[in-house]
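Pasted below: target.csv, CSV, C-alpha atoms.
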chain,number,residue,atom,x,y,z
A,1248,MET,CA,97.5,215.9,5.8
A,1249,ILE,CA,99.6,212.8,5.3
A,1250,ALA,CA,103.3,213.3,4.6
A,1251,VAL,CA,106.4,211.2,4.3
A,1252,TYR,CA,108.5,211.5,7.5
A,1253,ASP,CA,111.0,214.3,7.7
A,1254,GLU,CA,113.7,214.5,10.4
A,1255,ARG,CA,112.4,217.8,11.7
A,1256,TYR,CA,109.4,215.9,13.1
A,1257,LYS,CA,111.6,213.4,15.1
A,1258,GLU,CA,110.8,214.7,18.6
A,1259,GLU,CA,107.1,215.0,17.9
A,1260,VAL,CA,107.0,211.4,16.5
A,1261,ILE,CA,108.8,210.0,19.5
A,1262,LYS,CA,106.4,212.0,21.9
A,1263,LEU,CA,103.4,210.7,20.0
A,1264,ILE,CA,104.5,207.0,20.1
A,1265,LEU,CA,105.5,207.0,23.8
A,1266,TYR,CA,102.3,208.9,24.8
A,1267,VAL,CA,99.9,206.6,23.0
A,1268,GLN,CA,101.8,203.4,24.1
A,1269,ASN,CA,102.4,204.3,27.7
A,1270,VAL,CA,99.8,207.0,28.8
A,1271,GLU,CA,96.8,206.0,26.7
A,1272,ALA,CA,97.3,202.3,26.4
A,1273,GLY,CA,99.4,201.7,29.6
A,1274,VAL,CA,101.7,199.2,27.8
A,1275,GLY,CA,104.9,200.4,29.4
A,1276,ILE,CA,107.4,200.3,26.5
A,1277,SER,CA,110.5,202.3,26.9
A,1278,ILE,CA,112.3,204.1,24.1
A,1279,GLU,CA,115.3,201.8,24.7
A,1280,GLU,CA,113.0,198.8,23.7
A,1281,GLN,CA,112.3,200.5,20.3
A,1282,PRO,CA,115.5,202.1,19.1
A,1283,ASP,CA,114.2,202.2,15.5
A,1284,ILE,CA,112.3,205.4,16.3
A,1285,LEU,CA,115.5,207.2,17.2
A,1286,ASP,CA,116.6,206.9,13.5
A,1287,ILE,CA,113.6,206.5,11.3
A,1288,GLN,CA,115.5,207.3,8.2
A,1289,SER,CA,118.0,204.4,8.6
A,1290,ASN,CA,115.5,201.9,10.1
A,1291,TYR,CA,112.6,202.4,7.6
A,1292,ILE,CA,113.3,204.6,4.6
A,1293,ASN,CA,116.9,203.8,3.7
A,1294,GLU,CA,116.2,200.0,3.9
A,1295,GLY,CA,113.4,200.1,1.3
A,1296,GLY,CA,110.4,200.8,3.5
A,1297,ASN,CA,108.8,204.1,4.4
A,1298,PHE,CA,107.4,206.1,7.3
A,1299,TRP,CA,104.4,208.5,7.2
A,1300,ILE,CA,103.1,211.1,9.6
A,1301,ALA,CA,99.7,212.8,9.9
A,1302,LEU,CA,99.8,216.5,10.5
A,1303,ASN,CA,96.9,218.7,11.8
A,1304,ASP,CA,96.1,222.1,10.5
A,1305,ASP,CA,98.9,223.6,12.7
A,1306,LYS,CA,101.4,221.2,11.1
A,1307,GLU,CA,101.8,219.2,14.3
A,1308,VAL,CA,102.3,215.5,14.3
A,1309,VAL,CA,99.0,213.7,15.3
A,1310,GLY,CA,99.7,210.3,13.8
A,1311,SER,CA,102.4,207.9,12.5
A,1312,ILE,CA,102.8,204.6,10.6
A,1313,GLY,CA,105.9,202.8,9.4
A,1314,LEU,CA,106.7,200.0,7.0
A,1315,GLN,CA,109.9,198.1,7.4
A,1316,LYS,CA,111.2,196.0,4.5
A,1317,LYS,CA,112.3,192.5,5.7
A,1318,THR,CA,112.6,190.6,2.4
A,1319,ASP,CA,111.6,191.4,-1.1
A,1320,ASP,CA,108.2,189.9,-0.3
A,1321,ILE,CA,107.6,190.7,3.3
A,1322,ALA,CA,107.2,194.0,5.2
A,1323,ILE,CA,106.3,194.8,8.8
A,1324,LEU,CA,103.7,197.5,9.7
A,1325,LYS,CA,105.0,199.3,12.8
A,1326,LYS,CA,104.4,202.4,14.9
A,1327,PHE,CA,100.8,203.0,13.9
A,1328,PHE,CA,99.6,205.6,16.3
A,1329,VAL,CA,97.1,208.4,16.3
A,1330,TYR,CA,96.3,210.7,19.2
A,1331,LYS,CA,92.8,210.1,20.6
A,1332,ASP,CA,91.4,213.4,19.5
A,1333,TYR,CA,92.2,212.5,15.8
A,1334,ARG,CA,90.8,209.0,15.7
A,1335,GLY,CA,87.5,207.9,14.3
A,1336,LYS,CA,85.7,207.7,11.1
A,1337,GLU,CA,84.9,211.5,11.0
A,1338,LEU,CA,88.5,212.5,10.6
A,1339,GLY,CA,89.8,209.3,9.1
A,1340,THR,CA,93.4,209.9,10.2
A,1341,GLY,CA,94.2,206.3,10.8
A,1342,LYS,CA,92.6,205.2,7.6
A,1343,LYS,CA,94.6,207.8,5.5
A,1344,LEU,CA,97.8,206.7,7.2
A,1345,TYR,CA,97.1,203.1,6.5
A,1346,GLU,CA,96.1,203.8,2.9
A,1347,ALA,CA,99.5,205.5,2.3
A,1348,LEU,CA,101.3,202.4,3.7
A,1349,LEU,CA,99.1,200.0,1.7
A,1350,ASN,CA,99.6,201.8,-1.6
A,1351,PHE,CA,103.4,201.9,-1.0
A,1352,ALA,CA,103.5,198.2,-0.1
A,1353,LYS,CA,101.6,197.2,-3.3
A,1354,ASP,CA,103.8,199.6,-5.4
A,1355,GLN,CA,106.9,198.0,-4.0
A,1356,GLY,CA,105.7,194.5,-4.8
A,1357,PHE,CA,105.4,193.2,-1.2
A,1358,SER,CA,103.1,190.1,-1.0
A,1359,LYS,CA,102.7,190.0,2.8
A,1360,VAL,CA,102.5,192.6,5.6
A,1361,ILE,CA,102.9,191.4,9.2
A,1362,LEU,CA,102.5,193.3,12.5
A,1363,ASP,CA,102.5,192.7,16.2
A,1364,THR,CA,100.3,194.5,18.6
A,1365,PRO,CA,99.8,194.2,22.4
A,1366,SER,CA,96.9,191.9,23.4
A,1367,GLN,CA,95.2,194.7,25.2
A,1368,ALA,CA,95.1,197.0,22.2
A,1369,THR,CA,91.6,195.8,21.2
A,1370,ARG,CA,90.6,198.8,19.2
A,1371,SER,CA,93.5,198.3,16.9
A,1372,HIS,CA,92.7,194.6,16.5
A,1373,SER,CA,89.2,195.4,15.1
A,1374,PHE,CA,90.7,197.9,12.6
A,1375,TYR,CA,93.3,195.3,11.4
A,1376,LYS,CA,90.6,192.6,11.0
A,1377,LYS,CA,88.4,195.1,9.1
A,1378,VAL,CA,91.1,195.9,6.6
A,1379,GLY,CA,91.9,192.2,5.9
A,1380,PHE,CA,94.6,191.2,8.4
A,1381,LYS,CA,94.3,187.7,9.8
A,1382,LYS,CA,95.5,186.8,13.3
A,1383,ILE,CA,98.2,184.1,13.2
A,1384,THR,CA,100.3,182.4,15.8
A,1385,LYS,CA,103.9,183.4,16.5
A,1386,GLU,CA,105.0,179.9,15.2
A,1387,ASN,CA,103.4,180.8,11.9
A,1388,LEU,CA,105.3,184.0,11.4
A,1389,PRO,CA,106.9,183.8,7.9
A,1390,ILE,CA,110.1,185.5,9.2
A,1391,LYS,CA,111.6,186.3,12.6
A,1392,TYR,CA,112.0,189.8,13.8
A,1393,ASP,CA,112.4,191.6,17.1
A,1394,TYR,CA,109.5,193.4,18.9
A,1395,PRO,CA,108.8,194.3,22.5
A,1396,ASP,CA,106.5,191.4,23.4
A,1397,ARG,CA,103.6,192.5,25.6
A,1398,ASP,CA,101.6,189.4,25.2
A,1399,SER,CA,101.4,190.4,21.6
A,1400,PHE,CA,99.1,189.2,18.9
A,1401,ILE,CA,100.5,188.8,15.4
A,1402,PHE,CA,98.5,189.7,12.3
A,1403,LEU,CA,99.2,188.9,8.6
A,1404,LEU,CA,97.9,190.6,5.5
A,1405,GLU,CA,98.2,188.8,2.1
A,1406,LEU,CA,98.4,191.4,-0.7

This structure in C-alpha coordinates:
Amino acid sequence: MIAVYDERYKEEVIKLILYVQNVEAGVGISIEEQPDILDIQSNYINEGGNFWIALNDDKEVVGSIGLQKKTDDIAILKKFFVYKDYRGKELGTGKKLYEALLNFAKDQGFSKVILDTPSQATRSHSFYKKVGFKKITKENLPIKYDYPDRDSFIFLLEL
(Lines of atoms letter the chains of each structure in order from A and count residues from 1; the text may use other names and numbers.)
(Lines give C-alpha, C1' and ligand atoms only; values in the text may rest on other atoms or scores of the structure.)
Protein backbone atom coordinates (compact mmCIF):
# COMPACT_ATOMS: atom_id res chain seq x y z
CA MET A 1 0.00 0.00 0.00
CA ILE A 2 1.28 3.47 -0.89
CA ALA A 3 0.53 6.26 1.59
CA VAL A 4 1.54 9.88 2.07
CA TYR A 5 4.19 10.17 4.78
CA ASP A 6 3.03 10.44 8.36
CA GLU A 7 5.32 11.45 11.22
CA ARG A 8 4.62 8.18 13.09
CA TYR A 9 6.75 6.41 10.45
CA LYS A 10 9.79 8.68 10.89
CA GLU A 11 12.11 6.14 12.55
CA GLU A 12 11.14 3.38 10.10
CA VAL A 13 11.82 5.67 7.13
CA ILE A 14 15.24 6.68 8.49
CA LYS A 15 16.09 3.03 9.15
CA LEU A 16 15.06 2.06 5.58
CA ILE A 17 17.11 4.82 3.95
CA LEU A 18 20.26 4.24 5.97
CA TYR A 19 20.02 0.45 5.54
CA VAL A 20 19.59 0.50 1.76
CA GLN A 21 22.24 3.20 1.27
CA ASN A 22 24.89 1.83 3.58
CA VAL A 23 24.30 -1.89 4.12
CA GLU A 24 22.88 -2.97 0.75
CA ALA A 25 24.63 -0.44 -1.51
CA GLY A 26 27.71 0.30 0.61
CA VAL A 27 27.56 4.00 -0.26
CA GLY A 28 28.47 5.30 3.19
CA ILE A 29 26.17 8.29 3.62
CA SER A 30 25.59 9.43 7.18
CA ILE A 31 22.38 10.88 8.53
CA GLU A 32 24.27 14.15 9.06
CA GLU A 33 24.78 14.40 5.28
CA GLN A 34 21.03 14.20 4.68
CA PRO A 35 19.30 16.25 7.38
CA ASP A 36 16.15 16.45 5.21
CA ILE A 37 15.08 13.01 6.45
CA LEU A 38 15.02 14.22 10.05
CA ASP A 39 12.13 16.58 9.22
CA ILE A 40 10.31 15.30 6.16
CA GLN A 41 7.26 17.46 6.83
CA SER A 42 9.30 20.69 6.62
CA ASN A 43 11.71 19.64 3.87
CA TYR A 44 9.23 18.05 1.49
CA ILE A 45 5.54 18.52 2.24
CA ASN A 46 5.37 22.07 3.65
CA GLU A 47 7.48 23.40 0.77
CA GLY A 48 5.11 22.20 -1.97
CA GLY A 49 6.49 18.73 -2.59
CA ASN A 50 5.45 15.43 -1.04
CA PHE A 51 6.80 12.19 0.39
CA TRP A 52 5.31 8.72 0.09
CA ILE A 53 5.90 5.42 1.82
CA ALA A 54 5.14 1.85 0.87
CA LEU A 55 3.71 -0.30 3.64
CA ASN A 56 3.60 -4.09 3.74
CA ASP A 57 0.61 -6.06 5.04
CA ASP A 58 1.86 -5.55 8.61
CA LYS A 59 1.89 -1.76 8.05
CA GLU A 60 5.69 -1.62 8.19
CA VAL A 61 7.62 0.77 5.95
CA VAL A 62 9.25 -1.11 3.06
CA GLY A 63 9.80 1.75 0.63
CA SER A 64 10.01 5.53 0.29
CA ILE A 65 10.16 8.28 -2.32
CA GLY A 66 10.20 12.05 -1.97
CA LEU A 67 9.67 15.04 -4.21
CA GLN A 68 11.17 18.39 -3.26
CA LYS A 69 9.88 21.53 -4.95
CA LYS A 70 12.74 23.78 -6.05
CA THR A 71 10.93 26.20 -8.38
CA ASP A 72 7.43 26.34 -9.85
CA ASP A 73 8.74 24.22 -12.74
CA ILE A 74 11.42 22.01 -11.21
CA ALA A 75 11.27 19.32 -8.54
CA ILE A 76 13.84 16.85 -7.27
CA LEU A 77 13.16 13.15 -6.81
CA LYS A 78 14.85 12.02 -3.58
CA LYS A 79 15.00 9.13 -1.14
CA PHE A 80 13.70 6.46 -3.50
CA PHE A 81 14.41 3.26 -1.58
CA VAL A 82 12.80 -0.16 -1.35
CA TYR A 83 13.96 -3.07 0.78
CA LYS A 84 15.40 -5.87 -1.37
CA ASP A 85 12.60 -8.34 -0.52
CA TYR A 86 10.00 -5.89 -1.88
CA ARG A 87 11.69 -5.06 -5.20
CA GLY A 88 10.94 -6.46 -8.61
CA LYS A 89 8.11 -6.60 -11.11
CA GLU A 90 6.10 -9.16 -9.15
CA LEU A 91 5.43 -6.77 -6.26
CA GLY A 92 5.81 -3.51 -8.13
CA THR A 93 6.59 -1.55 -4.96
CA GLY A 94 9.05 0.81 -6.64
CA LYS A 95 6.78 1.31 -9.63
CA LYS A 96 3.81 2.19 -7.39
CA LEU A 97 5.90 4.67 -5.39
CA TYR A 98 7.21 6.25 -8.58
CA GLU A 99 3.69 6.50 -10.07
CA ALA A 100 2.45 8.33 -6.95
CA LEU A 101 5.31 10.82 -7.33
CA LEU A 102 4.83 11.23 -11.08
CA ASN A 103 1.08 11.83 -10.80
CA PHE A 104 1.66 14.42 -8.07
CA ALA A 105 4.40 16.17 -10.09
CA LYS A 106 2.12 16.43 -13.13
CA ASP A 107 -0.84 17.62 -11.02
CA GLN A 108 1.36 20.34 -9.49
CA GLY A 109 2.46 21.53 -12.92
CA PHE A 110 6.16 20.69 -12.71
CA SER A 111 7.86 20.50 -16.11
CA LYS A 112 11.11 18.87 -14.97
CA VAL A 113 12.11 16.32 -12.34
CA ILE A 114 15.80 15.87 -11.60
CA LEU A 115 17.62 13.40 -9.41
CA ASP A 116 21.09 12.38 -8.34
CA THR A 117 22.15 8.80 -7.72
CA PRO A 118 25.48 7.21 -6.77
CA SER A 119 27.35 5.90 -9.80
CA GLN A 120 27.43 2.37 -8.37
CA ALA A 121 23.61 2.18 -8.06
CA THR A 122 23.31 0.56 -11.49
CA ARG A 123 19.95 -1.13 -10.85
CA SER A 124 18.32 2.22 -10.19
CA HIS A 125 19.94 3.73 -13.30
CA SER A 126 18.19 1.21 -15.55
CA PHE A 127 14.84 1.92 -13.83
CA TYR A 128 15.23 5.68 -14.35
CA LYS A 129 16.13 5.25 -18.01
CA LYS A 130 13.18 2.90 -18.54
CA VAL A 131 10.72 5.49 -17.20
CA GLY A 132 12.11 8.28 -19.39
CA PHE A 133 14.88 9.98 -17.43
CA LYS A 134 17.93 11.11 -19.42
CA LYS A 135 21.41 11.24 -17.93
CA ILE A 136 22.85 14.77 -17.96
CA THR A 137 26.09 16.35 -16.80
CA LYS A 138 26.31 18.29 -13.56
CA GLU A 139 27.05 21.38 -15.66
CA ASN A 140 23.67 20.98 -17.39
CA LEU A 141 21.67 20.94 -14.17
CA PRO A 142 18.88 23.53 -14.55
CA ILE A 143 19.26 24.50 -10.87
CA LYS A 144 21.83 24.06 -8.13
CA TYR A 145 21.03 21.98 -5.06
CA ASP A 146 22.94 20.14 -2.37
CA TYR A 147 23.36 16.39 -2.42
CA PRO A 148 25.94 14.02 -0.89
CA ASP A 149 28.07 13.43 -3.98
CA ARG A 150 29.27 9.84 -4.28
CA ASP A 151 30.53 10.12 -7.84
CA SER A 152 26.86 10.74 -8.58
CA PHE A 153 25.04 10.63 -11.88
CA ILE A 154 22.37 13.24 -12.59
CA PHE A 155 19.16 12.39 -14.42
CA LEU A 156 16.47 14.69 -15.85
CA LEU A 157 12.87 13.91 -16.78
CA GLU A 158 10.90 16.34 -18.95
CA LEU A 159 7.19 16.12 -18.12

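Candidate residues A:Ser1399, A:Gln1281, A:Asn1269, A:Asn1293 were compared for distance to A:Pro1365, and the nearest is A:Ser1399, using all atoms listed in the file.
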
Distance criterion (only C-alpha atoms): nearest to A:Phe1327 out of A:Leu1285, A:Asn1303, A:Leu1263, A:Lys1385: A:Leu1263

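Relative to atom CA of A:Ala1301, atom CA of A:Tyr1252 is found at 9.2 Å.
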
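A straight line drawn from atom CA of A:Asp1304 to atom CA of A:Asp1332 is 13.4 Å long.
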
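Distance check against A:Ile1264 using only C-alpha atoms: of A:Lys1342, A:Lys1377, A:Arg1397, A:Lys1325, the minimum falls on A:Lys1325.
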
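The residue that comes closest to A:Gln1355, out of A:Leu1404, A:Gly1273, A:Tyr1256, A:Ile1321 and on the basis of only C-alpha atoms, is A:Ile1321.
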
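Among the candidates A:Glu1386, A:Glu1337, A:Asp1320, A:Glu1271, the one nearest to A:Asp1354 when counting only C-alpha atoms is A:Asp1320.
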
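Reported to one decimal place, the separation of atom CA of A:Gly1335 from atom CA of A:Lys1316 is 28.3 Å.
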
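Proximity to A:Tyr1345 was assessed for A:Thr1318, A:Ser1358, A:Gln1288, A:Asn1297 counting all atoms listed in the file; the smallest distance is recorded for A:Asn1297.
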
Please provide the set of residues having any atom within 10 Å of A:Val1329, restricted to all atoms listed in the file, with same-chain residues fewer than 4 positions apart removed, written as a PDB file with C-alpha atoms, in the frame of the given file.
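Just written: out-v4.pdb:
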ATOM      1  CA  LEU A1263     103.400 210.700  20.000  1.00  0.00           C
ATOM      2  CA  ILE A1264     104.500 207.000  20.100  1.00  0.00           C
ATOM      3  CA  TYR A1266     102.300 208.900  24.800  1.00  0.00           C
ATOM      4  CA  VAL A1267      99.900 206.600  23.000  1.00  0.00           C
ATOM      5  CA  ILE A1300     103.100 211.100   9.600  1.00  0.00           C
ATOM      6  CA  ALA A1301      99.700 212.800   9.900  1.00  0.00           C
ATOM      7  CA  VAL A1308     102.300 215.500  14.300  1.00  0.00           C
ATOM      8  CA  VAL A1309      99.000 213.700  15.300  1.00  0.00           C
ATOM      9  CA  GLY A1310      99.700 210.300  13.800  1.00  0.00           C
ATOM     10  CA  SER A1311     102.400 207.900  12.500  1.00  0.00           C
ATOM     11  CA  ILE A1312     102.800 204.600  10.600  1.00  0.00           C
ATOM     12  CA  TYR A1333      92.200 212.500  15.800  1.00  0.00           C
ATOM     13  CA  ARG A1334      90.800 209.000  15.700  1.00  0.00           C
ATOM     14  CA  GLY A1335      87.500 207.900  14.300  1.00  0.00           C
ATOM     15  CA  THR A1340      93.400 209.900  10.200  1.00  0.00           C
ATOM     16  CA  GLY A1341      94.200 206.300  10.800  1.00  0.00           C
ATOM     17  CA  LEU A1344      97.800 206.700   7.200  1.00  0.00           C
TER      18      LEU A1344
END

Residue list as number ranges by chain for point (106.1, 202.6, -1.3), cut-off 12 Å, all atoms listed in the file: A: 1251, 1291-1299, 1313-1316, 1322, 1345-1357

Coordinates of box centre and edge lengths for stretch 1308-1322 of chain A, 8 Å on every side, axis-aligned, as JSON:
{"center_x": 105.8, "center_y": 202.7, "center_z": 7.1, "size_x": 29.6, "size_y": 41.6, "size_z": 32.4}

Just the residues within 8 Å of stretch 1368-1375 of chain A, please, counting all atoms listed in the file, with nothing from its chain fewer than 4 positions along; format it as a PDB file with C-alpha atoms, keeping the file's coordinate frame.
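Contents of the output file around27.pdb:
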ATOM      1  CA  ALA A1272      97.300 202.300  26.400  1.00  0.00           C
ATOM      2  CA  THR A1364     100.300 194.500  18.600  1.00  0.00           C
ATOM      3  CA  GLY A1379      91.900 192.200   5.900  1.00  0.00           C
ATOM      4  CA  PHE A1380      94.600 191.200   8.400  1.00  0.00           C
ATOM      5  CA  LYS A1381      94.300 187.700   9.800  1.00  0.00           C
ATOM      6  CA  PHE A1402      98.500 189.700  12.300  1.00  0.00           C
TER       7      PHE A1402
END

For A:Ile1383: contacts at 9 Å, all atoms listed in the file, fewer than 4 positions along chain excluded, given as JSON, numbers by chain: {"A": [1387, 1388, 1400, 1401, 1402, 1403]}
